[in-house]
>>> print(open('work_10.txt').read())   # compact mmCIF, C-alpha atoms and all ligand atoms
# COMPACT_ATOMS: atom_id res chain seq x y z
CA MET A 1 82.02 115.80 114.19
CA SER A 2 78.71 117.41 113.25
CA ARG A 3 77.56 119.92 115.85
CA SER A 4 74.34 121.87 116.29
CA VAL A 5 75.23 125.47 115.43
CA LEU A 6 72.97 128.51 115.71
CA VAL A 7 73.88 131.86 114.16
CA THR A 8 71.61 134.79 114.99
CA GLY A 9 71.12 137.14 112.05
CA GLY A 10 72.53 134.44 109.79
CA ASN A 11 70.29 135.30 106.86
CA ARG A 12 72.72 137.86 105.42
CA GLY A 13 76.03 139.66 105.85
CA ILE A 14 78.64 138.41 108.29
CA GLY A 15 76.18 135.99 109.89
CA LEU A 16 75.47 134.28 106.59
CA ALA A 17 79.18 133.84 105.86
CA ILE A 18 79.61 132.33 109.34
CA ALA A 19 76.67 129.97 108.79
CA ARG A 20 78.02 128.86 105.41
CA ALA A 21 81.50 128.25 106.85
CA PHE A 22 80.09 125.94 109.54
CA ALA A 23 77.87 124.17 107.00
CA GLU A 24 80.87 123.61 104.69
CA GLN A 25 82.72 121.79 107.46
CA GLY A 26 79.74 119.49 108.03
CA ASP A 27 77.99 121.03 111.03
CA LYS A 28 74.20 121.19 111.38
CA VAL A 29 73.54 124.88 111.00
CA ALA A 30 70.48 126.92 111.91
CA ILE A 31 70.12 130.64 111.39
CA THR A 32 67.65 133.18 112.67
CA HIS A 33 65.89 135.63 110.39
CA ARG A 34 63.18 138.21 110.93
CA GLY A 35 60.93 137.23 108.05
CA SER A 36 63.28 136.98 105.07
CA GLY A 37 63.26 133.19 105.23
CA ALA A 38 66.33 130.99 105.25
CA PRO A 39 69.03 131.16 102.59
CA GLU A 40 69.20 128.04 100.45
CA GLY A 41 70.64 125.01 102.21
CA LEU A 42 70.31 126.41 105.73
CA PHE A 43 67.67 125.70 108.37
CA GLY A 44 65.98 128.94 109.37
CA VAL A 45 63.95 129.96 112.39
CA GLN A 46 62.15 133.25 112.72
CA CYS A 47 63.38 135.25 115.70
CA ASP A 48 63.73 138.82 116.83
CA VAL A 49 66.34 138.77 119.59
CA THR A 50 64.64 141.66 121.38
CA ASP A 51 61.78 139.29 122.30
CA ALA A 52 62.61 136.57 124.87
CA ALA A 53 59.55 134.50 123.88
CA GLN A 54 60.70 134.44 120.24
CA VAL A 55 64.20 133.46 121.36
CA ASP A 56 62.79 130.58 123.39
CA ARG A 57 60.61 129.38 120.53
CA ALA A 58 63.46 129.59 118.02
CA PHE A 59 65.75 127.51 120.24
CA SER A 60 62.98 124.91 120.69
CA GLU A 61 62.64 124.65 116.90
CA VAL A 62 66.41 124.24 116.48
CA GLU A 63 66.49 121.62 119.25
CA ALA A 64 63.74 119.63 117.53
CA GLN A 65 65.59 119.74 114.21
CA HIS A 66 69.28 119.47 115.19
CA GLY A 67 69.42 118.82 118.95
CA PRO A 68 70.53 121.31 121.63
CA VAL A 69 72.65 124.19 120.41
CA GLU A 70 76.33 123.37 120.96
CA VAL A 71 77.83 126.36 119.15
CA LEU A 72 76.08 129.71 119.54
CA VAL A 73 77.13 132.67 117.42
CA SER A 74 75.48 135.85 118.66
CA ASN A 75 75.80 138.02 115.57
CA ALA A 76 72.51 139.91 115.14
CA GLY A 77 73.04 143.63 115.44
CA ILE A 78 71.93 147.07 114.35
CA VAL A 79 73.31 150.58 114.15
CA ASP A 80 71.46 153.86 114.65
CA ASP A 81 74.21 156.44 114.30
CA VAL A 82 73.71 159.97 115.59
CA LEU A 83 75.86 162.36 117.58
CA LEU A 84 75.37 162.33 121.36
CA LEU A 85 73.58 165.65 121.65
CA ARG A 86 70.94 164.47 119.21
CA MET A 87 70.80 160.82 120.34
CA SER A 88 67.42 160.07 121.89
CA GLU A 89 67.10 157.70 124.80
CA GLU A 90 64.93 155.57 122.53
CA SER A 91 67.79 155.23 120.04
CA PHE A 92 70.27 154.30 122.77
CA THR A 93 67.94 151.75 124.33
CA LYS A 94 66.93 150.24 120.98
CA VAL A 95 70.52 149.54 119.96
CA VAL A 96 71.51 148.16 123.37
CA ASP A 97 68.37 145.99 123.45
CA ALA A 98 69.19 144.36 120.10
CA ASN A 99 72.98 144.12 120.35
CA LEU A 100 73.63 143.54 124.05
CA THR A 101 70.44 142.40 125.77
CA GLY A 102 69.73 140.24 122.70
CA ALA A 103 73.08 138.51 123.21
CA TYR A 104 72.27 137.93 126.88
CA ARG A 105 68.89 136.43 125.89
CA VAL A 106 70.35 133.91 123.45
CA ALA A 107 73.34 133.06 125.68
CA LYS A 108 71.05 132.38 128.63
CA ARG A 109 68.78 130.18 126.52
CA ALA A 110 71.75 128.25 125.12
CA ALA A 111 73.54 127.76 128.43
CA SER A 112 71.31 125.07 129.95
CA GLY A 113 71.78 122.70 126.99
CA MET A 114 75.53 123.29 127.00
CA LEU A 115 75.69 122.65 130.75
CA LYS A 116 73.84 119.35 130.34
CA LYS A 117 76.22 118.35 127.58
CA ARG A 118 79.23 119.71 129.46
CA TRP A 119 80.45 121.24 126.24
CA GLY A 120 79.68 124.44 124.42
CA ARG A 121 81.03 127.36 122.46
CA MET A 122 79.61 130.87 122.59
CA ILE A 123 80.98 133.47 120.22
CA PHE A 124 79.85 137.08 120.39
CA ILE A 125 80.30 139.39 117.41
CA SER A 126 81.37 142.73 118.84
CA SER A 127 83.18 145.49 116.94
CA VAL A 128 86.47 147.35 116.94
CA VAL A 129 84.53 150.43 118.07
CA GLY A 130 83.49 148.67 121.29
CA LEU A 131 86.98 149.40 122.58
CA SER A 132 88.03 152.40 120.51
CA GLY A 133 84.72 154.29 120.49
CA GLN A 134 83.40 156.11 117.45
CA ALA A 135 81.82 159.53 117.03
CA GLY A 136 78.11 159.07 116.37
CA GLN A 137 78.06 155.59 117.87
CA VAL A 138 77.65 156.07 121.63
CA ASN A 139 74.77 153.57 121.58
CA TYR A 140 76.47 151.03 119.31
CA ALA A 141 79.91 151.22 120.96
CA ALA A 142 78.35 150.83 124.41
CA SER A 143 76.48 147.72 123.27
CA LYS A 144 79.60 146.22 121.70
CA ALA A 145 81.82 146.98 124.71
CA GLY A 146 79.19 145.33 126.90
CA LEU A 147 79.60 142.07 125.02
CA VAL A 148 83.14 141.77 126.40
CA GLY A 149 81.77 141.83 129.95
CA VAL A 150 79.08 139.33 129.02
CA ALA A 151 81.53 136.90 127.45
CA ARG A 152 84.15 137.17 130.18
CA SER A 153 81.57 136.66 132.93
CA ILE A 154 80.20 133.59 131.16
CA ALA A 155 83.77 132.33 130.73
CA ARG A 156 84.24 132.57 134.50
CA GLU A 157 80.85 131.01 135.30
CA LEU A 158 80.96 128.11 132.86
CA GLY A 159 84.62 127.60 131.97
CA SER A 160 84.98 124.57 134.21
CA ARG A 161 82.31 122.73 132.16
CA ASN A 162 84.14 122.89 128.82
CA ILE A 163 82.12 125.90 127.77
CA THR A 164 84.00 128.83 126.28
CA ALA A 165 82.74 132.33 125.58
CA ASN A 166 84.80 134.51 123.28
CA VAL A 167 84.41 137.76 121.39
CA ILE A 168 85.28 138.63 117.80
CA SER A 169 85.95 142.29 117.10
CA PRO A 170 85.59 142.92 113.38
CA GLY A 171 86.83 146.12 111.84
CA PHE A 172 85.36 147.53 108.64
CA ILE A 173 83.68 144.64 106.78
CA GLU A 174 81.84 145.03 103.48
CA THR A 175 78.14 144.32 104.16
CA ASP A 176 74.76 146.09 103.98
CA MET A 177 75.59 147.67 107.35
CA THR A 178 78.66 149.51 106.04
CA ALA A 179 77.26 150.19 102.56
CA HIS A 180 75.29 153.12 104.01
CA LEU A 181 78.19 154.69 105.91
CA ALA A 182 79.29 158.21 105.13
CA GLU A 183 82.23 158.58 102.73
CA SER A 184 84.17 160.28 105.53
CA LEU A 185 84.05 157.06 107.55
CA LYS A 186 85.04 154.94 104.56
CA GLU A 187 88.00 157.25 104.01
CA GLN A 188 89.33 156.15 107.40
CA LEU A 189 90.28 152.89 105.71
CA VAL A 190 93.50 154.53 104.51
CA THR A 191 94.68 154.45 108.14
CA VAL A 192 94.03 150.72 108.46
CA PRO A 193 97.28 148.77 108.03
CA ALA A 194 95.56 146.40 105.59
CA ARG A 195 94.44 149.43 103.49
CA ARG A 196 91.19 147.69 102.60
CA ALA A 197 87.87 146.58 104.01
CA GLY A 198 87.54 143.05 105.33
CA LYS A 199 85.47 140.28 103.81
CA THR A 200 82.71 138.44 105.62
CA GLU A 201 84.59 135.17 105.02
CA GLU A 202 87.57 136.55 106.94
CA VAL A 203 85.38 137.01 110.02
CA ALA A 204 83.80 133.59 109.52
CA ALA A 205 87.22 131.88 109.50
CA ALA A 206 87.99 133.29 112.96
CA VAL A 207 84.60 132.19 114.27
CA THR A 208 84.93 128.60 113.08
CA TRP A 209 88.40 128.47 114.61
CA LEU A 210 87.09 129.65 118.00
CA ALA A 211 84.51 126.86 117.82
CA SER A 212 87.10 124.24 116.89
CA ASP A 213 88.86 121.75 119.17
CA GLY A 214 92.05 123.66 118.48
CA ALA A 215 90.66 126.63 120.43
CA SER A 216 89.53 124.61 123.46
CA TYR A 217 91.86 126.56 125.82
CA VAL A 218 90.88 129.99 124.47
CA ASN A 219 88.30 131.53 126.80
CA GLY A 220 87.22 135.11 127.45
CA ALA A 221 89.38 136.33 124.57
CA VAL A 222 88.70 139.31 122.35
CA LEU A 223 89.98 138.46 118.88
CA PRO A 224 90.25 141.37 116.45
CA VAL A 225 89.57 140.69 112.76
CA ASP A 226 90.22 144.21 111.60
CA GLY A 227 93.26 144.39 109.35
CA GLY A 228 95.12 146.02 112.25
CA MET A 229 92.63 148.87 112.67
CA GLY A 230 92.33 148.63 116.46
CA MET A 231 95.85 147.65 117.46
CA GLY A 232 96.75 148.62 120.99
CA HIS A 233 93.48 147.78 122.71
P1 LIG B 1 73.86 143.46 108.43
O1 LIG B 1 73.16 144.75 108.66
O2 LIG B 1 74.27 143.07 107.05
O3 LIG B 1 73.03 142.26 109.08
C1 LIG B 1 72.54 142.38 110.39
C2 LIG B 1 71.87 141.08 110.75
O4 LIG B 1 71.37 141.19 112.10
C3 LIG B 1 70.68 140.76 109.86
O5 LIG B 1 70.61 139.37 109.69
C4 LIG B 1 69.52 141.26 110.68
O6 LIG B 1 68.29 140.62 110.38
C5 LIG B 1 69.99 140.86 112.08
N1 LIG B 1 69.26 141.57 113.12
C6 LIG B 1 69.27 142.89 113.39
N2 LIG B 1 68.47 143.15 114.44
C7 LIG B 1 67.94 141.98 114.84
C8 LIG B 1 67.04 141.59 115.85
N3 LIG B 1 66.49 142.46 116.70
N4 LIG B 1 66.73 140.28 115.96
C9 LIG B 1 67.25 139.37 115.13
N5 LIG B 1 68.09 139.67 114.13
C10 LIG B 1 68.44 140.95 114.00
O7 LIG B 1 75.14 143.55 109.38
P2 LIG B 1 76.57 142.85 109.31
O8 LIG B 1 76.49 141.52 108.71
O9 LIG B 1 77.53 143.86 108.80
O10 LIG B 1 76.86 142.73 110.89
C11 LIG B 1 76.73 141.53 111.61
C12 LIG B 1 77.27 141.76 113.01
O11 LIG B 1 78.63 142.17 112.90
C13 LIG B 1 76.55 142.87 113.76
O12 LIG B 1 76.46 142.53 115.12
C14 LIG B 1 77.47 144.07 113.57
O13 LIG B 1 77.34 144.98 114.60
C15 LIG B 1 78.83 143.39 113.58
N6 LIG B 1 79.89 144.15 112.96
C16 LIG B 1 79.84 144.52 111.64
C17 LIG B 1 80.86 145.24 111.08
C18 LIG B 1 80.87 145.65 109.65
O14 LIG B 1 81.80 146.41 109.28
N7 LIG B 1 79.95 145.23 108.82
C19 LIG B 1 82.02 145.66 111.88
C20 LIG B 1 81.98 145.23 113.24
C21 LIG B 1 80.96 144.50 113.73
P3 LIG B 1 67.32 141.20 109.22
O15 LIG B 1 67.83 140.66 107.92
O16 LIG B 1 65.99 140.67 109.60
O17 LIG B 1 67.39 142.70 109.30
>>> encode(input="work_10.txt", output="structure tokens", more="lines below")
Ligand code: NDP
Amino acid sequence: MSRSVLVTGGNRGIGLAIARAFAEQGDKVAITHRGSGAPEGLFGVQCDVTDAAQVDRAFSEVEAQHGPVEVLVSNAGIVDDVLLLRMSEESFTKVVDANLTGAYRVAKRAASGMLKKRWGRMIFISSVVGLSGQAGQVNYAASKAGLVGVARSIARELGSRNITANVISPGFIETDMTAHLAESLKEQLVTVPARRAGKTEEVAAAVTWLASDGASYVNGAVLPVDGGMGMGH
């Protein structure tokens, strides 16, 4: 079955691995980018998720190319790490706007098509720190914790129409986002049971499973892909 899949921030990092995994299994995959263009073999639409008009336009372009979005992966996200006492309100709001309000914008835009079809999968890429917290990440952790409330509320609203909304909580994954992290944070990997960073493909495998028929009775779940980093939450 070839479904219309949209991955926000699918031009690089975890999002790109997710997009490639769906494409490999034969789905029609679209990704959003903010000007980089689409990676080879993928259909790209320009979209900044902080702008509802851009979100609407991007979905319209995907609908024209592939039909209504049946699988939405809300992956786009940013960090702006700074300790609380020095964190400006602008920094807090910027991160929440991209990571949390952005997810609300794309989920809302996707929901009507899924309701008409009476089938849909929404997968939100959160983070292990959404539940554990992390020094220097009050803004980021708040945005990622918020995604759990978003997904579980959608699960309750739309679950009777064959629409599921689940959350993936990656741990430390090797991408551009973590390449800039302080050595002290990277050293925390020795406390992770897996004793290594995760690969983008390992996150992608969990996402494609959540979108599969095999996961049709999994709704409102938070699935860690973290090598055991967050156990206990
Ligand atoms: P990257 O920094 O490598 O990529 C981030 C992606 O998000 C890029 O495609 C970027 O687009 C896009 N993006 C950022 N802001 C916006 C915006 N306002 N509108 C549209 N797109 C936007 O990050 P990762 O691949 O590492 O992370 C992907 C997701 O996984 C994020 O939500 C992140 O929080 C989460 N995550 C990552 C972990 C890790 O260890 N790497 C751990 C836990 C969660 P552009 O190319 O235009 O900048």
>>> residues_near_ligand(input="work_10.txt", ligand="ligand LIG 1 (chain B)", cutoff="7 Å", atoms="all atoms listed in the file", output="VMD selection string")
chain A and resid 8 to 15 32 to 36 47 to 50 75 to 79 98 to 99 125 to 128 169 to 178
>>> residues_around(input="work_10.txt", residues="Ala141 (chain A)", least_positions_apart="4", cutoff="9 Å", atoms="all atoms listed in the file", output="ChimeraX atom specification")
/A:126-134,137,145-146
>>> write_last_selection(input="work_10.txt", atoms="C-alpha atoms", output="PDB file, in the frame of the given file")
ATOM      1  CA  SER A 126      81.370 142.730 118.840  1.00  0.00           C
ATOM      2  CA  SER A 127      83.180 145.490 116.940  1.00  0.00           C
ATOM      3  CA  VAL A 128      86.470 147.350 116.940  1.00  0.00           C
ATOM      4  CA  VAL A 129      84.530 150.430 118.070  1.00  0.00           C
ATOM      5  CA  GLY A 130      83.490 148.670 121.290  1.00  0.00           C
ATOM      6  CA  LEU A 131      86.980 149.400 122.580  1.00  0.00           C
ATOM      7  CA  SER A 132      88.030 152.400 120.510  1.00  0.00           C
ATOM      8  CA  GLY A 133      84.720 154.290 120.490  1.00  0.00           C
ATOM      9  CA  GLN A 134      83.400 156.110 117.450  1.00  0.00           C
ATOM     10  CA  GLN A 137      78.060 155.590 117.870  1.00  0.00           C
ATOM     11  CA  ALA A 145      81.820 146.980 124.710  1.00  0.00           C
ATOM     12  CA  GLY A 146      79.190 145.330 126.900  1.00  0.00           C
TER      13      GLY A 146
END
>>> closest_residue(input="work_10.txt", among="A:Leu100, A:Leu210, A:Val69, A:Val29", to="Ile123 (chain A)", atoms="only C-alpha atoms")
A:Leu210
>>> residues_around(input="work_10.txt", residues="Ser212 (chain A)", least_positions_apart="5", cutoff="12 Å", atoms="all atoms listed in the file", output="MDAnalysis selection string")
chainID A and resid 1:3 22 25 27 70:71 119:123 164 205:207 217:218
>>> atom_distance(input="work_10.txt", atom1="CA of Asn162 (chain A)", atom2="CA of Ser74 (chain A)")
18.6 Å
>>> atom_distance(input="work_10.txt", atom1="CA of Ala52 (chain A)", atom2="CA of Arg161 (chain A)")
25.2 Å
>>> atom_distance(input="work_10.txt", atom1="CA of Ala204 (chain A)", atom2="CA of Ala17 (chain A)")
5.9 Å
>>> build_atoms(input="work_10.txt", residues="region 108-135 of chain A", atoms="N, CA and C atoms", output="PDB file, in the frame of the given file")
ATOM      1  N   LYS A 108      71.741 133.003 127.494  1.00  0.00           N
ATOM      2  CA  LYS A 108      71.050 132.380 128.630  1.00  0.00           C
ATOM      3  C   LYS A 108      70.271 131.144 128.174  1.00  0.00           C
ATOM      4  N   ARG A 109      69.597 131.299 127.030  1.00  0.00           N
ATOM      5  CA  ARG A 109      68.780 130.180 126.520  1.00  0.00           C
ATOM      6  C   ARG A 109      69.667 129.006 126.089  1.00  0.00           C
ATOM      7  N   ALA A 110      70.854 129.317 125.587  1.00  0.00           N
ATOM      8  CA  ALA A 110      71.750 128.250 125.120  1.00  0.00           C
ATOM      9  C   ALA A 110      72.470 127.551 126.269  1.00  0.00           C
ATOM     10  N   ALA A 111      72.644 128.260 127.378  1.00  0.00           N
ATOM     11  CA  ALA A 111      73.540 127.760 128.430  1.00  0.00           C
ATOM     12  C   ALA A 111      73.073 126.447 129.053  1.00  0.00           C
ATOM     13  N   SER A 112      71.758 126.281 129.241  1.00  0.00           N
ATOM     14  CA  SER A 112      71.310 125.070 129.950  1.00  0.00           C
ATOM     15  C   SER A 112      71.654 123.816 129.151  1.00  0.00           C
ATOM     16  N   GLY A 113      71.447 123.860 127.835  1.00  0.00           N
ATOM     17  CA  GLY A 113      71.780 122.700 126.990  1.00  0.00           C
ATOM     18  C   GLY A 113      73.271 122.416 127.009  1.00  0.00           C
ATOM     19  N   MET A 114      74.066 123.477 126.987  1.00  0.00           N
ATOM     20  CA  MET A 114      75.530 123.290 127.000  1.00  0.00           C
ATOM     21  C   MET A 114      75.980 122.712 128.335  1.00  0.00           C
ATOM     22  N   LEU A 115      75.333 123.171 129.427  1.00  0.00           N
ATOM     23  CA  LEU A 115      75.690 122.650 130.750  1.00  0.00           C
ATOM     24  C   LEU A 115      75.372 121.173 130.851  1.00  0.00           C
ATOM     25  N   LYS A 116      74.212 120.778 130.308  1.00  0.00           N
ATOM     26  CA  LYS A 116      73.840 119.350 130.340  1.00  0.00           C
ATOM     27  C   LYS A 116      74.852 118.529 129.568  1.00  0.00           C
ATOM     28  N   LYS A 117      75.282 119.067 128.444  1.00  0.00           N
ATOM     29  CA  LYS A 117      76.220 118.350 127.580  1.00  0.00           C
ATOM     30  C   LYS A 117      77.663 118.457 128.075  1.00  0.00           C
ATOM     31  N   ARG A 118      77.869 119.409 128.972  1.00  0.00           N
ATOM     32  CA  ARG A 118      79.230 119.710 129.460  1.00  0.00           C
ATOM     33  C   ARG A 118      80.177 120.026 128.313  1.00  0.00           C
ATOM     34  N   TRP A 119      79.646 120.751 127.362  1.00  0.00           N
ATOM     35  CA  TRP A 119      80.450 121.240 126.240  1.00  0.00           C
ATOM     36  C   TRP A 119      79.667 122.357 125.552  1.00  0.00           C
ATOM     37  N   GLY A 120      80.357 123.387 125.176  1.00  0.00           N
ATOM     38  CA  GLY A 120      79.680 124.440 124.420  1.00  0.00           C
ATOM     39  C   GLY A 120      80.652 125.527 123.993  1.00  0.00           C
ATOM     40  N   ARG A 121      80.245 126.231 122.959  1.00  0.00           N
ATOM     41  CA  ARG A 121      81.030 127.360 122.460  1.00  0.00           C
ATOM     42  C   ARG A 121      80.071 128.528 122.243  1.00  0.00           C
ATOM     43  N   MET A 122      80.384 129.661 122.876  1.00  0.00           N
ATOM     44  CA  MET A 122      79.610 130.870 122.590  1.00  0.00           C
ATOM     45  C   MET A 122      80.564 131.895 121.993  1.00  0.00           C
ATOM     46  N   ILE A 123      80.147 132.475 120.878  1.00  0.00           N
ATOM     47  CA  ILE A 123      80.980 133.470 120.220  1.00  0.00           C
ATOM     48  C   ILE A 123      80.124 134.714 119.967  1.00  0.00           C
ATOM     49  N   PHE A 124      80.602 135.822 120.470  1.00  0.00           N
ATOM     50  CA  PHE A 124      79.850 137.080 120.390  1.00  0.00           C
ATOM     51  C   PHE A 124      80.525 137.991 119.367  1.00  0.00           C
ATOM     52  N   ILE A 125      79.734 138.495 118.414  1.00  0.00           N
ATOM     53  CA  ILE A 125      80.300 139.390 117.410  1.00  0.00           C
ATOM     54  C   ILE A 125      80.177 140.825 117.921  1.00  0.00           C
ATOM     55  N   SER A 126      81.309 141.359 118.334  1.00  0.00           N
ATOM     56  CA  SER A 126      81.370 142.730 118.840  1.00  0.00           C
ATOM     57  C   SER A 126      81.807 143.633 117.697  1.00  0.00           C
ATOM     58  N   SER A 127      82.680 144.582 117.976  1.00  0.00           N
ATOM     59  CA  SER A 127      83.180 145.490 116.940  1.00  0.00           C
ATOM     60  C   SER A 127      84.418 146.196 117.471  1.00  0.00           C
ATOM     61  N   VAL A 128      85.286 146.581 116.553  1.00  0.00           N
ATOM     62  CA  VAL A 128      86.470 147.350 116.940  1.00  0.00           C
ATOM     63  C   VAL A 128      86.069 148.608 117.719  1.00  0.00           C
ATOM     64  N   VAL A 129      84.912 149.181 117.403  1.00  0.00           N
ATOM     65  CA  VAL A 129      84.530 150.430 118.070  1.00  0.00           C
ATOM     66  C   VAL A 129      84.069 150.216 119.517  1.00  0.00           C
ATOM     67  N   GLY A 130      83.829 148.954 119.895  1.00  0.00           N
ATOM     68  CA  GLY A 130      83.490 148.670 121.290  1.00  0.00           C
ATOM     69  C   GLY A 130      84.614 149.091 122.222  1.00  0.00           C
ATOM     70  N   LEU A 131      85.844 149.006 121.745  1.00  0.00           N
ATOM     71  CA  LEU A 131      86.980 149.400 122.580  1.00  0.00           C
ATOM     72  C   LEU A 131      87.531 150.771 122.203  1.00  0.00           C
ATOM     73  N   SER A 132      87.442 151.119 120.925  1.00  0.00           N
ATOM     74  CA  SER A 132      88.030 152.400 120.510  1.00  0.00           C
ATOM     75  C   SER A 132      87.040 153.558 120.627  1.00  0.00           C
ATOM     76  N   GLY A 133      85.731 153.237 120.593  1.00  0.00           N
ATOM     77  CA  GLY A 133      84.720 154.290 120.490  1.00  0.00           C
ATOM     78  C   GLY A 133      84.661 154.833 119.085  1.00  0.00           C
ATOM     79  N   GLN A 134      83.557 155.517 118.782  1.00  0.00           N
ATOM     80  CA  GLN A 134      83.400 156.110 117.450  1.00  0.00           C
ATOM     81  C   GLN A 134      82.396 157.249 117.554  1.00  0.00           C
ATOM     82  N   ALA A 135      82.771 158.402 117.030  1.00  0.00           N
ATOM     83  CA  ALA A 135      81.820 159.530 117.030  1.00  0.00           C
ATOM     84  C   ALA A 135      80.533 159.100 116.339  1.00  0.00           C
TER      85      ALA A 135
END
